[in-house]
Structure formats: C-alpha cells, structure tokens
Amino acid sequence: MDLRLSDDQQLFRETTRKFLESTCPLETVRRLADAEPAGFDKKWWKRGAELGWVSMLVAEEDGGGSISGHGLLDLVLVAEEMGRLVSPGPLVPTNVVTAALARSGTPTQRREFLPGLVNGDTVAAWCLGTPVAGIDTAGGRVEAAPSDGGYVLDGVTGPVEAGGQADLYLVTIHTGDGVTQCVVPSDTPGVAVGPAHGLDLVRRYAQVRFDQVVVPPDGVLGVAGDAAADAERQLQIAVVLQGAEMVGAVNRAFEFTVEYASDRYSFGRPLASYQALKHRFADMKVWLEAAHATADAAARAVDVDSPLAAELVSVAKSYIGDHAPAILQDCVQLHGGIGVTWDHDLHLYLRRVVTDRSQFGTPGDHRERVAVAMGM
Amino acid sequence: MSTTDGNSVAEEETDAEESVDSFRTRARTWLAENMPLLPDGATNQLLAREDESGERARRLQRFLFDGGFAGICFPAAYGGQGLSRAHQRAFTQESLPYQMPTVFNVPTLSILAPTLLDFGTEEQKVRHIPAMLSGDELWVQFLSEPSGGSDLAGLITRATRDGDVFVLNGSKIWSSGAFRSDYSLCLARTDWQVPKHRGLTMFILKIHQPGIEVRQIKMVNGTGEFCQEFFDDVPMPATDVVGEVNDGWTVASRLLFHERDATGGGSPYVSGVATAVAGQDGQRSDLLDLARESGQTADPRVRQLVAEARVNDRVQSQLVERVTTGIRTGAFPLPAGAIPSLFAATNTERHFDIGLEIAGAGAGAWIDDDADRWGETYLLRQGLSLGGGSNEMQRNIISERVLGMPREYAADRDKPFDEVRHN
Ligand SMILES: Cc1cc2nc3c(=O)[nH]c(=O)nc-3n(C[C@H](O)[C@H](O)[C@H](O)COP(=O)(O)OP(=O)(O)OC[C@H]3O[C@@H](n4cnc5c(N)ncnc54)[C@H](O)[C@@H]3O)c2cc1C
C-alpha cells in the first residue's frame, strides 16, 4: 500500500476492503469457481461499479470521477484489495478499455460506450491481435483489411481475459501504416467466442474469433495507423493494475504465513523462533516492501504520464513478476504439507500471482523493454 | 535526544526557504563555475582511490563549504544550509557531472555528524560539525574489535576513569580510512560488573596522538583502506564523552541507525553519487559500459542481465523512499531501516555477479594494462554485506524487530560482563 494516501483515499480503501470481505470472502471465491461460468456475479460487479471501480479513469463530464484527482492511484487501491482476497471480476480489462475510450474516443464513442461500462452494466475485454509495445501476449493474430474507411477483421486472438463475458472488445491490430485500434461490440456479426483455460479459479479466458468482421469508420478508436502510443498506455495501465494486485495478494499470504509460523510448534518451539526460518522471512519482507515500492512508483509515473513511465512500469513488472511467485512458493514451503493441498488458500494466491506474472509480458519481456529504455 | 536527527529533516521545501527550483538553478551555475568536471568515464569512486591521503576530497569539500553548498540538510547553526531533502536531491542531481568529495559522505557526514547532532553537547557540535563540513575533519567509527564485530556490545576495549580523564587500552579494527582521518567515535567498556549493554561509553577520540598506533591492513584488492588501532594508555578528557557515561549503547544504536540509513541510501546528509558517470541520471552504469565495451549489447542474455541490474537499482531507490517515508510517518518502526540496507547489500552481490558473467574470460585473465578489472572488483563482493552490520544481523533485526518474531537465545543475557565468555 502507498504510504502517502490522503484521508479520502484511506477511507475509500477501507470501504472497498469491507465490501469485498462481506460480499466476496474466499469461500465465495471458491464457490464461484465451480458454480459461476462467468467467474463473477454481474449484480455484484454492478455494486462494485457503484463504488467507483470503473469510473476512476474517466473524466467527470463523461460520467466518471476519482477520489483524489489521480484516478489511477485510486484504482490501484481497488486492485490491491482485490488481490488481497483474490477477487473475481474483470477489473483490468474493463478499466483498460474504458481508459482507452475516455482518452481517445470521439464524443459519440464516449457517449455510446462509457455510461454502461462506468455503471457496471457492461464489461469489456482487450484483444491483442498483434504484439503491443514489445509484448506478444499468447501469440494471437488478427489481420485487418481496409474497407470503406474502416476495416474488415479476420483472425483469432490468444486467451483474452473476460473474452466470453465482454459486451465490447477493444481490438489492437497492425495495419499497413502502424497500430490501429477498433471497438467491436461482441454481438457484431462474425464475432465468435471459443473456449480457453486459465490458471486462476475465477478469472475466465476465451479465444475471440473474427470472421470477416466489418468495422465501420466510426469503430476506429483514435487515429488509424497511429495508435501505438495509446496501446502502450493501455499496456502500462494493465501492468500497473496487475502489479498492485500481485502486491495485495502476496502481502496477505505473507501475513498469514507469519502468523502460522508463530503459532505452529516444532521441537517445542514456534517455527518463527528458528533463525534459519526467521532469515527467510526477513528476505521475503524485503522483497515484499520492494514490490510495494516499485508498484507505487510505477503507478505514480503512469498517472502523470511521466517520460519514465514505460521504463518504470517494466521495472515494476520485472521485479514483482519475479518475486511475487517466489515469495508465495516460500510461503508454501514454510507451511509444510498443508501448503500443497486444495483446501488451503495458498494456491488461490499462487494461481492469481502466476496468472498476473504471465500476462501482458513476463518479467523477461519487460527486462527487454528496460534494456531498450536504457539505450541498448 | 535532541530533535535535530535525520528524521526531522524536512522532506519538501517550506515557505520560509528558497524554492527548490531557484536553489537548483543557483547550484547549477555555481557548480559550473567552481567544481572541476569528472574526466570522461571516471567516477568519484575511482578518483577517490587515487586520493589515498584524502587531500583532494578535503579541497573539494572546502569549495562546497565556501560556496554555501556544504551540509545542505545540516542546521545553519553548525555551518549547514538548513534546507530540505528535496534541495539535497536537486543538488545531487546537478552535481552528477562534477568531481565531488564523496569520501566525506560515509561515515563522516552521514553517520558520525548526525550522531553528534543527536547526542553531542553544544560545545562538541560547535567544535566539530562545522569542521567536518569545511573539509577540515574526516571521521571514522571505532566500533569493531578483533574479538568480534556483530556482537558489538560484547567489545573489550577498556576506558578506565582517572579523575577528569578516561584512560583507553585495547584495539579497534576494520576501521575504514582511519589513517587519513582526524577523529573517531570510539565505543569502549567503562563498567565490567554489569550486563554488556549497560557498561559502554561513547567517546570522541582524536586519532593521531601519542599512545595510538594506526596500522593499515592490506585488503584482498591490494588497497590499504582497512586499519587496526592499538591503544596504550590514551587519556580521553571526560568532556569528550558523547551522551552519558555507561549509556554508550544508546548512542551506538543511534549511530547504527544512521549507518543503515547511509548504506541503504536514505540519508539526507549524503551529497553527490560516488558511482555516477557524467551524462547519466545517477543510476549505476558500469555494467552497461562493460557490455558496450565488450561489444555484447545485442546479446539477449547480456541485455537481460544489464536490465536486471537496472531494475534492481531503480527498485532500490524506490524502496529507500518508501521506508524513509514509512519511518518518518510512523508506519514503520525505526529498525525497518534494515530493510533497504539488506536490499542494498544483496543488490550489490547480484550486481557483482552480473558483472562477472558479462566480463566473461576477461575477469580471470587480461592483456591490456588498463582493462576493466571486474575480477578484482568482484573480490570485494561481500564488503557491503559485512560492513555496517552483516546481512545476517540485518535479517535478525528485520525478523525480530520488524516482524516481531522471537529473539535469538543469548548466553550472555543479563549476566555481568566479567562473567561472560568471549574471544
Ligand atoms: C568494507 C568494510 C568496512 C568496515 N568499516 C568499519 C569501520 O569503519 N568501523 C568499524 O568499526 N567496523 C568496520 N567494519 C567491520 C564490520 O562492522 C564487521 O566486519 C561486522 O560487524 C562483522 O563483524 P566481524 O567481522 O567481527 O564478524 P563476526 O561478528 O565474527 O561474524 C562472522 C560471521 O558470522 C555471522 N554471525 C555472527 N553472529 C551471528 C549470529 N548471532 N547469527 C547469525 N550469524 C552470525 C556474521 O554475519 C558473519 O557472517 C567494516 C567491515 C567491512 C567489510
């Protein structure tokens, strides 16, 4: 958690935590995993939206609004709290698409799509039909042929988060002249959804297919052929939210592992009294605080569109993506056998963190981006 | 304790002061007119190695002092500028292309001066802090002894009261740069009949005087930074006691806090960056240089390694900022200073490992006289992991005093020191 929260942000964080604890504790997450094909309950998502889960990156005149005037820093609080309880819900894709519409949408596009997204009636997914900013997520390809000022899309994506639940897709493609982005409602003829699998218990993935899908000129978001900067920014927002979520998740798992080590006895003393284990907890504490620090720094840089944002986002993803799973696996180790059982909650956290680590660029992918930023 | 400790330095400018922007502009102009530029590719750390006597550093420190840029976060009453951390950060950024007296940063200005600010008498502060800031006094810490460093409170150098003086006998070791330095803070045992923490006293000790022999110790890389001192009936005036007699542990603990702040990178009293190369933004860059010089920048493996080091360095400064803020606001306890220290030490280990990998065969054998000697640098890999409290001690601190885990068993707890087994 950022140590420099305003009172309003503090209050917002507490409200979010209480809401999640009362409406979606881990037992509920486990139940949704089996019982809910979408992974989340749409009515519940709408209540979250009422708390501001999708309004932070949207200007007030478009029906959005933030707590502190720094929408991304507020949204990061939600992501962290959701990580803490491995919550369901398409927080990342919906906000990424919403932010893209808010930033580059025409007045008509904003009027058409933003209200439903902001109030939680609709959700959105981001389909990468081409590598974005050096990141080739899962390798799907969508081709675009120019047609009457718009495009005809053909191809399939890799696994897309909330691909099966989304009412709206943001499709990023490579056109002859550069990167282009289109908004495509999911009921557009030619759009179909195929199954995909996810490691996370409540985060659903789908393959989205485009078969001769016609995108009219007003379906193009931003400037055709010139959307690379927009896509980069979307990636940055996605990675910032992922980072916050991983930090929230690891923070919680570390907390209960410290408690466990203090309560469990071996050879007549608490586990936490053995120096060999204390030192590992100390290392994990250092990594955890470092993960918090770099997550916050990346969020602040992206929030103000700093020239360092691209590098700091990749610094954060590289660091957190490496250390979050490492900490969790050590928490498993320190729990002993119970740590690898289905009934123990650790795997919920591990699944979430490994999912986040692997999407929108692995730590290695992001180190390559850092190398580029260094001028190599 | 007075309130002028490291934590009371303001984070950002206040209305009463010159704005950071105006200060930065003034500093930029002044630096350009007064400070010599770093030669191409050189760092202040490299230049310091050629300045064994410290004369160059003293001269540069004097320039800063005369120009009104020494001790930016020190109180004006003791020769400093009384400004905020933000002013110091601005000055450090502006200073990157220039030669700077970075030898004064650690331990003189970031560890010993703040400890004196916290516990020194007015007379002690007036006598020494301006002298440190003007380049006249370099200081060292006389803490570790041949019998042990981690168990600092178990030291056996003895100071025996004799009227107005204490008489010092024993030996200190691993004191960095003592041969070129003027004063030390020296921790000695003044009472043997009480448990170890309660019988220690901290003294201001002039290094070069009759009764003190200073010997340089050759280190693995061939330099003679380390010293050992032998004390033979050295008289120390009682007015040179810092803090209370037999309460030296309180002073030492505070000193160690400042040391963690300094080694972790959170001290407001550090000016300039020893490892900066002109033209880069203060991030360590020797690995990028190494990759460039050896023509490996297109090798994906090398790119990963260089970027990993950059990631770690960025995260280190972000972590310092977080923990400094946390300690200041009370979100973290004081011992949390061990968190950035441990990060810095393990990051340095990794940094040297990466360098060794990129240097390849050249680390072990080379032809050019002026080739980068990564192998030799690597020999001192553990320096930061030992000096300033070993990584193991930092891990004890974090687990026990930040996470609240049970303390290690100690055979000497609550025993009068003269009944305790020691080396
Ligand atoms: C580059 C450098 C600069 C230094 N500069 C100074 C200086 O200016 N002034 C000064 O006074 N000293 C200085 N030192 C000394 C430094 O503080 C000591 O080396 C350090 O405190 C360790 O003490 P020691 O060398 O006696 O090792 P020991 O205390 O004997 O420790 C040996 C090993 O055992 C481990 N160990 C010890 N006790 C425990 C325990 N309870 N639990 C787990 N592990 C333990 C240690 O971590 C270490 O790995 C410097 C050292 C270095 C390397």
# chains A, B, ... in the order shown; residues from 1 in each chain; ligands from 1

$ closest_atom_pairs --of "chain A" --to "ligand 1" --cutoff "10 Å" --atoms "only C-alpha atoms and all ligand atoms" --output "CSV"
residue,atom,partner,partner_atom_place_in_ligand_line,distance
A:Gln275,CA,ligand 1,42 (N),7.5
A:Ala276,CA,ligand 1,43 (C),9.0
A:His279,CA,ligand 1,43 (C),9.1

$ write_last_selection --atoms "C-alpha atoms" --output "mmCIF file, in the first residue's frame"
data_model
loop_
_atom_site.group_PDB
_atom_site.id
_atom_site.type_symbol
_atom_site.label_atom_id
_atom_site.label_comp_id
_atom_site.auth_asym_id
_atom_site.auth_seq_id
_atom_site.Cartn_x
_atom_site.Cartn_y
_atom_site.Cartn_z
ATOM 1 C CA GLN A 275 16.950 -18.429 12.779
ATOM 2 C CA ALA A 276 17.063 -20.365 9.521
ATOM 3 C CA HIS A 279 16.105 -15.102 7.933
#

$ residues_around --residues "Glu408 (chain B)" --least-positions-apart "6" --cutoff "10 Å" --atoms "only C-alpha atoms" --output "list of chain:residue names"
A:Ser273, A:Tyr274, A:Gln275, A:Lys278, B:Asn396, B:Glu400

$ closest_residue --among "A:Pro216, A:Pro270, A:Gly139, A:Gly48" --to "chain B" --atoms "only C-alpha atoms"
A:Pro270

$ closest_residue --among "B:Glu33, B:Asp136, B:Glu321, B:Glu244" --to "chain A" --atoms "only C-alpha atoms"
B:Glu321

$ interface_residues --of "chain A" --to "chain B" --cutoff "7 Å" --atoms "only C-alpha atoms" --output "number ranges by chain"
A: 3, 272-273, 278-279, 281-282, 286, 289-290, 293-294, 297, 315, 319, 364, 367-368, 370-371, 376

$ atom_distance --atom1 "CA of Pro146 (chain A)" --atom2 "CA of Cys182 (chain A)"
12.2 Å

$ select_by_dssp --residues "region 58-276 of chain A" --states "strand (DSSP E or B)" --output "PyMOL selection string"
chain A and resi 124-128+132+135+141-147+150-161+168-175+178-185+191-195+205-215+220-221+226+265-266+269-270

$ residues_around --residues "Leu346 (chain A)" --least-positions-apart "3" --cutoff "10 Å" --atoms "only C-alpha atoms" --output "ChimeraX atom specification"
/A:249-250,252-254,256-257,328-329,331-332,335,338-343,349-351

$ closest_residue --among "A:Cys24, A:Ala229, A:Ala166, A:Val220" --to "Gln181 (chain A)" --atoms "only C-alpha atoms"
A:Val220

$ select_by_dssp --residues "region 118-319 of chain A" --states "helix (DSSP H, G or I)" --output "VMD selection string"
chain A and resid 118 to 119 217 to 219 228 to 263 271 to 273 275 to 303 309 to 319

$ residues_around --residues "Arg56 (chain B)" --least-positions-apart "3" --cutoff "10 Å" --atoms "only C-alpha atoms" --output "PyMOL selection string"
chain B and resi 47-48+50-53+59-62+99-101+103+135

$ write_last_selection --atoms "N, CA and C atoms" --output "PDB file, in the first residue's frame"
ATOM      1  N   LEU B  47      38.174   8.220  -8.638  1.00  0.00           N
ATOM      2  CA  LEU B  47      39.100   9.304  -8.285  1.00  0.00           C
ATOM      3  C   LEU B  47      39.516   9.196  -6.820  1.00  0.00           C
ATOM      4  N   ALA B  48      38.555   8.764  -5.971  1.00  0.00           N
ATOM      5  CA  ALA B  48      38.870   8.659  -4.543  1.00  0.00           C
ATOM      6  C   ALA B  48      39.962   7.633  -4.306  1.00  0.00           C
ATOM      7  N   GLU B  50      42.478   7.143  -6.113  1.00  0.00           N
ATOM      8  CA  GLU B  50      43.797   7.744  -6.376  1.00  0.00           C
ATOM      9  C   GLU B  50      44.128   8.838  -5.364  1.00  0.00           C
ATOM     10  N   ASP B  51      43.191   9.094  -4.470  1.00  0.00           N
ATOM     11  CA  ASP B  51      43.370  10.187  -3.495  1.00  0.00           C
ATOM     12  C   ASP B  51      43.499   9.576  -2.105  1.00  0.00           C
ATOM     13  N   GLU B  52      44.499   8.716  -1.947  1.00  0.00           N
ATOM     14  CA  GLU B  52      44.620   7.970  -0.691  1.00  0.00           C
ATOM     15  C   GLU B  52      44.663   8.885   0.526  1.00  0.00           C
ATOM     16  N   SER B  53      45.375   9.996   0.404  1.00  0.00           N
ATOM     17  CA  SER B  53      45.532  10.889   1.555  1.00  0.00           C
ATOM     18  C   SER B  53      44.249  11.663   1.854  1.00  0.00           C
ATOM     19  N   ARG B  59      39.858  19.396  -0.261  1.00  0.00           N
ATOM     20  CA  ARG B  59      39.843  20.625  -1.037  1.00  0.00           C
ATOM     21  C   ARG B  59      38.436  20.839  -1.646  1.00  0.00           C
ATOM     22  N   LEU B  60      37.876  19.757  -2.202  1.00  0.00           N
ATOM     23  CA  LEU B  60      36.547  19.872  -2.819  1.00  0.00           C
ATOM     24  C   LEU B  60      35.482  20.207  -1.773  1.00  0.00           C
ATOM     25  N   GLN B  61      35.603  19.593  -0.609  1.00  0.00           N
ATOM     26  CA  GLN B  61      34.634  19.861   0.451  1.00  0.00           C
ATOM     27  C   GLN B  61      34.705  21.337   0.857  1.00  0.00           C
ATOM     28  N   ARG B  62      35.921  21.870   0.884  1.00  0.00           N
ATOM     29  CA  ARG B  62      36.133  23.287   1.224  1.00  0.00           C
ATOM     30  C   ARG B  62      35.452  24.192   0.189  1.00  0.00           C
ATOM     31  N   GLN B  99      33.305  16.536 -10.138  1.00  0.00           N
ATOM     32  CA  GLN B  99      34.044  15.903  -9.048  1.00  0.00           C
ATOM     33  C   GLN B  99      33.429  16.360  -7.730  1.00  0.00           C
ATOM     34  N   MET B 100      33.210  15.403  -6.857  1.00  0.00           N
ATOM     35  CA  MET B 100      32.599  15.717  -5.563  1.00  0.00           C
ATOM     36  C   MET B 100      33.372  14.997  -4.462  1.00  0.00           C
ATOM     37  N   PRO B 101      33.379  15.578  -3.256  1.00  0.00           N
ATOM     38  CA  PRO B 101      34.111  14.949  -2.145  1.00  0.00           C
ATOM     39  C   PRO B 101      33.305  13.826  -1.522  1.00  0.00           C
ATOM     40  N   VAL B 103      34.000  11.072  -0.465  1.00  0.00           N
ATOM     41  CA  VAL B 103      34.624  10.403   0.688  1.00  0.00           C
ATOM     42  C   VAL B 103      34.082  10.950   2.011  1.00  0.00           C
ATOM     43  N   GLY B 135      35.639  20.496   5.512  1.00  0.00           N
ATOM     44  CA  GLY B 135      36.698  19.644   4.970  1.00  0.00           C
ATOM     45  C   GLY B 135      37.901  19.517   5.897  1.00  0.00           C
TER      46      GLY B 135
END

$ closest_residue --among "B:Ile111, B:Ile129, B:Val234, B:Leu290" --to "Gly360 (chain B)" --atoms "only C-alpha atoms"
B:Leu290

$ atom_distance --atom1 "CA of His197 (chain B)" --atom2 "CA of Asp418 (chain B)"
12.5 Å

$ residues_around --residues "Ser175 (chain B)" --least-positions-apart "3" --cutoff "6 Å" --atoms "only C-alpha atoms" --output "list in words"
Ala178, Phe226 and Cys227 of chain B
